[in-house]
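Following: one structure in structure tokens, then a few remarks.
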Amino acid sequence: MIKITLDGSQVEVEAGSTGFKLFSDKRIVALKVNGELKDLAHEVADSDVVEGVSIDSQDGLNILRHSTAHVLAQAVQNINPEAKLGIGPPIKDGFYYDFDVESPFTPEDLKALEKEMDRIIRSGQRFLRRVTNDQDAAIELSNEPYKLELIGLKSGNADVGEAAAEVGAGELTIYDNFDVQADKVVWKDLCRGPHLPNTRMIGNGFSLTRVAAAYWRGNENNKQLQRIYGTAWPTKDELKAYQLQMEEAAKRDHRRLGAELDLFSFPEEIGSGLAVFHPKGGVIRRVMEDYSRKRHDESGYEFVYSPHVTKANLFETSGHLEWYAEGMFPPLQLDEERDEEGNIKRQAQDYYLKPMNCPFHCLIYKSQARSYRDLPLRLFEFGTVYRYEKSGVLHGITRARGFTQDDAHLYVARESIRSELTNVLNFVLDLLRDYGLTDFYLELSTKEEGNPKFVGSDDIWIEATSTLESVAKESGLELVPDPGGAAFYGPKISVQAKDAIGRTWQMSTIQLDFNLPERFDLEYTAPDGTKQRPVMIHRALFGSIERFFGVLTEHYAGHFPPWLAPIQVVGIPIADEFSEYLHEIASELRKAGVRIQIDDSDERMQKKIRNHTLAKVPYQLIAGAEDKANNAVSFRFRDGSQINGVPKAEAIARILKDIAERVQV
RNA sequence: GCCGACCUGGCGCAAUUGGUAGCGCAUCGCACUUGUAAUGCGAGGGUUAGGGGUUCGAGUCCCCUGGUCGGCUCCA
């Protein structure tokens, strides 16, 4: 007998006991032994600390999904024995597996594969772990060039990234799929494990979702393999719930809502990634901007403007042409003159569309001699920038080629970095809350040690990083480290916000910059008369207005709160004769700045209610004989609820209050 | 940029093996004047993203260009 700790209590078990013996609960699919995941078939040893891993825990789900990926790979090779295996890890909500195949998979292939997977699952194959070594594995897997490469990498101690699922730390192992009825191993894969004990446990809660190409080992220069994505859940019901959730997310897609609610479009004539805002989208955007301006004004920012094009020289100074030329629109060549022989009389000038606003702000800083009394100097601009994003990355309004940043650059003395950062972070969080986002965490991106590309002295990096860190901690929010994620010119904090359905979006960034002040030779005169170099803080709250617009659209699913809604109130008369009564109320509301329309069309009242509900107008004011007689109106809300017979003055007061307080209704 | 799929009136869709473009909503007109999610009737609107090719004949097949979508890579 040996003593182990089993789910927290001391027990004595027979030597050589496996998970099968320790747990009778069918939902336990693996073990955690001394913190390491093991198969149920693992034999525990004396003094081990053992926990059961349930299929519905995060570890359990990963095991389920990874095992499903194996079944997929087996199905692919059953149908096409020529397919070579890439990697097949679990991911959020599912898994994928990469294959090198002659021709890409089609949706019909997926159906056939699901069928074959189902057959494999029902056949109840056992996953059996087998320890091997580099030499034996290389012989066994001689037909699998990608697996061989991974074995090579592992023995070379290289970082294998997502391939850790196949060849993670520890001994090299192969999992055999053993078909009990056929009494033989029918498939095998290089894999770290652990796995479900039996394919049957996958059940019918899985689905193949899409095919895509993916570069081998995530490198653009490598061959593209064909990737199949799938999702897997412990039960069919959970799979269905997931699929429903995906549909809900699709309904909130800002590209779809942008068209449905007539907010913006991307006319093909203009070009990829370049949007026009329609009147309704324009209202939302203007209100967003106006409110942001007001808050910036109150917080000590000064408003500046800069042109959309500039001579190349400026971006040479800033270094952008050196580092990011590929991401910029190609230059406009101007002013070249030639004589009759075609000789250049006057050299052309290159002008670029600006991809960033900071160099302009630096020039504003430099426009006069600065004193410590001028600092912190906070320059704010809604600056429209143009970036030549690769065609494949464009995504509605959240990733476009032309967009407007709510950009500010703060020029601060080194000794006031802390207080300025504290201000900025509080300002950012406050403002985001006003727009209705409330659930945040922070990410701290720091320097990668030993990488020579980072500019600035070590001591300023250390000081700035620790300042950022302590400011972030003071906020009380969760702080996630992002080592090596800093830009070459300075560390940053980014604010991640969760939306209404739990997705996280990177929102604001607060970025320290030791580089541009140097390049632009920015100075100020300190109290002691010496010339000092300011530090620059780049910060954008929305990132870009368009992107934030898109995020809010998805967050609210198009149900913008009254203060942002393009049409805040619509009046619906029961019959034509009550139209005038509603117009009186409308003119009062309009005077108070409310965006109200009376629907005088000759549609049926029911139809109008339907139309304006679909248009997601926050308040419908309905009036008929009864209401008019009582000098009242009836409210109807987007969710179908209603309050009848509300006195006119009360109705007006309520609408104004909701708007002023920026509440959701 | 790469791989794949896709592009039919403003929007959502249909059109058998290639055989001469249809429906709903929206729009416009007329009638109806209504108490909480679609009133009825009528009309107009498409050289099928653009260009080229194959064919007696192309929305359907092939090529090029543009755009969209899903991924990969990227996001100063």
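Convention: chains lettered A, B, ... in structure tokens order; per-chain residue numbering from 1; ligands numbered from 1 as shown.
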
Residues near stretch 587-604 of chain A, anyone? I mean within 7 Å using only C-alpha atoms (C1' of nucleotides), not counting same-chain ones fewer than 6 positions away, as a list in words.
Ile567, Gln568, Val569, Val570, Gly571, Ile572, Ser579 and Ile652 of chain A; U34 and U39 of chain B

Filtering to N, CA and C atoms (P, O5', C5', C4', C3', O3' and C1' of nucleotides), could you give me those residues as an mmCIF file, in the first residue's frame?
```
data_model
loop_
_atom_site.group_PDB
_atom_site.id
_atom_site.type_symbol
_atom_site.label_atom_id
_atom_site.label_comp_id
_atom_site.auth_asym_id
_atom_site.auth_seq_id
_atom_site.Cartn_x
_atom_site.Cartn_y
_atom_site.Cartn_z
ATOM 1 N N ILE A 567 -31.533 58.543 -33.600
ATOM 2 C CA ILE A 567 -32.856 59.105 -33.341
ATOM 3 C C ILE A 567 -33.212 58.660 -31.934
ATOM 4 N N GLN A 568 -33.445 59.652 -31.078
ATOM 5 C CA GLN A 568 -33.661 59.298 -29.677
ATOM 6 C C GLN A 568 -35.113 58.951 -29.407
ATOM 7 N N VAL A 569 -35.988 59.703 -30.045
ATOM 8 C CA VAL A 569 -37.417 59.523 -29.790
ATOM 9 C C VAL A 569 -38.145 59.552 -31.122
ATOM 10 N N VAL A 570 -39.122 58.658 -31.275
ATOM 11 C CA VAL A 570 -39.981 58.770 -32.437
ATOM 12 C C VAL A 570 -41.428 58.854 -31.949
ATOM 13 N N GLY A 571 -42.173 59.783 -32.527
ATOM 14 C CA GLY A 571 -43.571 59.936 -32.144
ATOM 15 C C GLY A 571 -44.465 59.217 -33.134
ATOM 16 N N ILE A 572 -45.388 58.425 -32.612
ATOM 17 C CA ILE A 572 -46.279 57.660 -33.480
ATOM 18 C C ILE A 572 -47.732 58.002 -33.129
ATOM 19 N N SER A 579 -51.368 63.689 -34.849
ATOM 20 C CA SER A 579 -50.024 64.037 -35.273
ATOM 21 C C SER A 579 -49.621 65.417 -34.741
ATOM 22 N N ILE A 652 -41.341 64.202 -20.806
ATOM 23 C CA ILE A 652 -40.233 65.036 -21.271
ATOM 24 C C ILE A 652 -39.087 65.004 -20.272
ATOM 25 P P U B 34 -60.104 55.752 -37.508
ATOM 26 O "O5'" U B 34 -59.048 54.999 -36.576
ATOM 27 C "C5'" U B 34 -59.437 53.745 -36.036
ATOM 28 C "C4'" U B 34 -58.372 52.725 -36.309
ATOM 29 C "C3'" U B 34 -57.176 52.749 -35.387
ATOM 30 O "O3'" U B 34 -57.017 51.456 -34.814
ATOM 31 C "C1'" U B 34 -56.524 52.470 -37.637
ATOM 32 P P U B 39 -49.267 46.433 -42.020
ATOM 33 O "O5'" U B 39 -50.298 45.860 -43.079
ATOM 34 C "C5'" U B 39 -51.371 45.050 -42.674
ATOM 35 C "C4'" U B 39 -52.568 45.333 -43.524
ATOM 36 C "C3'" U B 39 -52.343 45.171 -45.027
ATOM 37 O "O3'" U B 39 -52.375 43.820 -45.434
ATOM 38 C "C1'" U B 39 -53.511 47.175 -44.609
#
```

Select residues of chain A: the criterion is any atom within 6 Å of an atom of chain B, counting only C-alpha atoms (C1' of nucleotides); output as a ChimeraX atom specification.
/A:212-215,220,575,607,610

Go ahead and write the selection's residues with C-alpha atoms as a compact mmCIF listing (two decimals), in the first residue's frame.
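Below is the file that was written, again.txt:
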```
# COMPACT_ATOMS: atom_id res chain seq x y z
CA ALA A 212 -8.37 27.81 -43.66
CA ALA A 213 -4.77 27.94 -44.67
CA ALA A 214 -2.13 28.53 -42.02
CA TYR A 215 1.60 28.95 -42.33
CA GLU A 220 4.91 33.75 -43.30
CA ALA A 575 -54.31 58.36 -36.36
CA LYS A 607 -46.13 48.85 -38.85
CA ARG A 610 -42.34 47.46 -35.87
```

I need the residues of stretch 38-222 of chain A that end up classed as strand (DSSP E) by DSSP on the backbone, written out as number ranges by chain.
A: 38-39, 49-54, 84-85, 90-91, 94-100, 126-131, 173-179, 184-190, 206-215

Point-to-point distance from atom CA of A:Ala565 to atom CA of A:Asn630, Å rounded to tenths:
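These atoms are spaced 29.0 Å apart.
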
Measure the distance from atom CA of A:Ile91 to atom CA of A:Leu64 in Å and round it to one decimal.
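About the pair atom CA of A:Ile91 and atom CA of A:Leu64: they are 11.1 Å apart.
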
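Non-sequential neighbours of A:Val180 (distance at most 12 Å, separation of 2 or more positions within a chain, only C-alpha atoms (C1' of nucleotides)) are Ile120, Arg122, Ser123, Gly124, Gln125, Arg126, Phe127, Leu128, Asp176, Asn177, Phe178, Ala182, Asp183, Lys184, Val185, Val186, Asn198 and Thr199 of chain A.
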
Which polymer residues have any atom within 12 Å of an atom of B:C63, counting only C-alpha atoms (C1' of nucleotides), with same-chain residues fewer than 6 positions away left out, as a VMD selection string?
chain B and resid 51 to 54

Preceding selection exported with all heavy atoms as a CSV table (one decimal), in the first residue's frame:
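Saved the output as selection.csv:
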```
chain,number,residue,atom,x,y,z
B,51,G,P,-17.9,45.7,-68.5
B,51,G,OP1,-18.3,46.7,-69.5
B,51,G,OP2,-18.8,44.5,-68.2
B,51,G,O5',-16.5,45.1,-68.9
B,51,G,C5',-15.5,45.9,-69.4
B,51,G,C4',-14.2,45.2,-69.5
B,51,G,O4',-13.8,44.6,-68.3
B,51,G,C3',-14.2,44.0,-70.5
B,51,G,O3',-14.1,44.4,-71.9
B,51,G,C2',-13.0,43.3,-70.1
B,51,G,O2',-11.8,43.9,-70.5
B,51,G,C1',-13.1,43.4,-68.6
B,51,G,N9,-13.8,42.2,-68.0
B,51,G,C8,-15.1,42.1,-67.6
B,51,G,N7,-15.4,40.9,-67.2
B,51,G,C5,-14.2,40.2,-67.4
B,51,G,C6,-13.9,38.8,-67.1
B,51,G,O6,-14.7,37.9,-66.7
B,51,G,N1,-12.6,38.5,-67.5
B,51,G,C2,-11.7,39.3,-68.0
B,51,G,N2,-10.5,38.9,-68.2
B,51,G,N3,-11.9,40.6,-68.2
B,51,G,C4,-13.2,41.0,-67.9
B,52,G,P,-14.9,43.5,-73.0
B,52,G,OP1,-14.8,44.3,-74.2
B,52,G,OP2,-16.2,43.1,-72.4
B,52,G,O5',-14.0,42.2,-73.0
B,52,G,C5',-12.7,42.3,-73.7
B,52,G,C4',-11.9,41.1,-73.4
B,52,G,O4',-11.9,40.8,-72.0
B,52,G,C3',-12.4,39.8,-74.0
B,52,G,O3',-12.1,39.7,-75.4
B,52,G,C2',-11.6,38.8,-73.2
B,52,G,O2',-10.2,38.7,-73.6
B,52,G,C1',-11.7,39.4,-71.8
B,52,G,N9,-12.9,38.8,-71.1
B,52,G,C8,-14.1,39.4,-70.9
B,52,G,N7,-14.9,38.6,-70.3
B,52,G,C5,-14.2,37.4,-70.1
B,52,G,C6,-14.6,36.2,-69.6
B,52,G,O6,-15.7,35.9,-69.0
B,52,G,N1,-13.6,35.2,-69.6
B,52,G,C2,-12.4,35.5,-70.2
B,52,G,N2,-11.5,34.4,-70.2
B,52,G,N3,-12.0,36.6,-70.7
B,52,G,C4,-13.0,37.5,-70.7
B,53,G,P,-13.2,38.8,-76.3
B,53,G,OP1,-12.7,39.0,-77.8
B,53,G,OP2,-14.5,39.2,-75.9
B,53,G,O5',-12.9,37.3,-75.9
B,53,G,C5',-11.6,36.7,-76.2
B,53,G,C4',-11.5,35.4,-75.5
B,53,G,O4',-11.9,35.5,-74.1
B,53,G,C3',-12.4,34.3,-76.0
B,53,G,O3',-12.0,33.7,-77.2
B,53,G,C2',-12.4,33.3,-74.8
B,53,G,O2',-11.2,32.6,-74.9
B,53,G,C1',-12.4,34.3,-73.6
B,53,G,N9,-13.7,34.5,-73.1
B,53,G,C8,-14.5,35.6,-73.1
B,53,G,N7,-15.6,35.5,-72.5
B,53,G,C5,-15.6,34.1,-72.0
B,53,G,C6,-16.6,33.4,-71.3
B,53,G,O6,-17.7,33.8,-70.9
B,53,G,N1,-16.1,32.1,-71.1
B,53,G,C2,-14.9,31.6,-71.4
B,53,G,N2,-14.7,30.3,-71.1
B,53,G,N3,-14.0,32.3,-72.1
B,53,G,C4,-14.4,33.5,-72.4
B,54,U,P,-13.1,33.1,-78.3
B,54,U,OP1,-12.3,32.7,-79.5
B,54,U,OP2,-14.2,34.0,-78.3
B,54,U,O5',-13.6,31.8,-77.5
B,54,U,C5',-12.7,30.7,-77.3
B,54,U,C4',-13.4,29.6,-76.6
B,54,U,O4',-13.8,30.0,-75.3
B,54,U,C3',-14.7,29.1,-77.3
B,54,U,O3',-14.4,28.2,-78.3
B,54,U,C2',-15.4,28.5,-76.1
B,54,U,O2',-14.9,27.2,-75.8
B,54,U,C1',-15.0,29.4,-74.9
B,54,U,N1,-16.0,30.4,-74.7
B,54,U,C2,-17.1,30.1,-73.9
B,54,U,O2,-17.3,29.0,-73.5
B,54,U,N3,-18.0,31.1,-73.7
B,54,U,C4,-17.9,32.4,-74.2
B,54,U,O4,-18.8,33.2,-73.9
B,54,U,C5,-16.8,32.7,-74.9
B,54,U,C6,-15.9,31.7,-75.2
```

If we count only C-alpha atoms (C1' of nucleotides), what is near A:Leu432 at a cut-off of 9 Å, once residues fewer than 2 positions away on the same chain are taken out, given as a PyMOL selection string?
chain A and resi 427-430+434-438+497+507-508+541-542

Generate the output file for the selected residues, N, CA, C and O atoms, as a compact mmCIF listing (two decimals), in the first residue's frame.
```txt
# COMPACT_ATOMS: atom_id res chain seq x y z
N PHE A 427 -8.20 59.17 -16.14
CA PHE A 427 -8.99 59.85 -17.16
C PHE A 427 -9.54 58.84 -18.17
O PHE A 427 -10.72 58.83 -18.51
N VAL A 428 -8.66 57.96 -18.62
CA VAL A 428 -9.04 56.96 -19.62
C VAL A 428 -10.16 56.06 -19.09
O VAL A 428 -11.18 55.85 -19.76
N LEU A 429 -9.95 55.53 -17.89
CA LEU A 429 -10.92 54.58 -17.36
C LEU A 429 -12.27 55.25 -17.13
O LEU A 429 -13.32 54.69 -17.44
N ASP A 430 -12.21 56.46 -16.63
CA ASP A 430 -13.41 57.25 -16.41
C ASP A 430 -14.20 57.45 -17.68
O ASP A 430 -15.41 57.27 -17.72
N ASP A 434 -17.92 56.12 -19.08
CA ASP A 434 -19.01 56.98 -19.54
C ASP A 434 -19.64 56.45 -20.83
O ASP A 434 -20.81 56.67 -21.09
N TYR A 435 -18.83 55.76 -21.63
CA TYR A 435 -19.37 55.23 -22.88
C TYR A 435 -20.02 53.86 -22.68
O TYR A 435 -20.50 53.26 -23.62
N GLY A 436 -19.96 53.37 -21.45
CA GLY A 436 -20.71 52.17 -21.14
C GLY A 436 -19.88 50.91 -20.99
O GLY A 436 -20.43 49.83 -20.81
N LEU A 437 -18.55 51.04 -21.08
CA LEU A 437 -17.71 49.86 -20.83
C LEU A 437 -17.28 49.93 -19.37
O LEU A 437 -16.87 50.99 -18.89
N THR A 438 -17.40 48.81 -18.66
CA THR A 438 -17.15 48.88 -17.23
C THR A 438 -16.20 47.81 -16.72
O THR A 438 -15.73 47.88 -15.60
N ALA A 497 -10.87 45.96 -22.45
CA ALA A 497 -12.24 46.08 -21.96
C ALA A 497 -13.04 44.87 -22.41
O ALA A 497 -12.88 44.38 -23.52
N MET A 507 -8.45 48.40 -25.85
CA MET A 507 -8.95 49.74 -26.08
C MET A 507 -7.79 50.72 -26.05
O MET A 507 -7.06 50.86 -26.99
N SER A 508 -7.65 51.36 -24.93
CA SER A 508 -6.71 52.47 -24.85
C SER A 508 -5.29 51.99 -24.66
O SER A 508 -5.04 50.95 -24.06
N LEU A 541 -7.54 56.95 -26.40
CA LEU A 541 -8.53 56.26 -25.57
C LEU A 541 -9.33 55.28 -26.39
O LEU A 541 -9.56 54.16 -26.00
N PHE A 542 -9.75 55.77 -27.53
CA PHE A 542 -10.57 54.93 -28.40
C PHE A 542 -9.67 54.08 -29.30
O PHE A 542 -10.15 53.16 -29.93
```

Neighbouring residues of A:Leu621 were defined as those with any atom within 10 Å, considering only C-alpha atoms (C1' of nucleotides); residues of the same chain fewer than 5 positions away were excluded. Please report them as a count of residues only.
22

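Around B:U27, within 9 Å and counting only C-alpha atoms (C1' of nucleotides), the residues found are G10, G44 and G45 of chain B, once anything fewer than 2 positions away on its own chain is removed.
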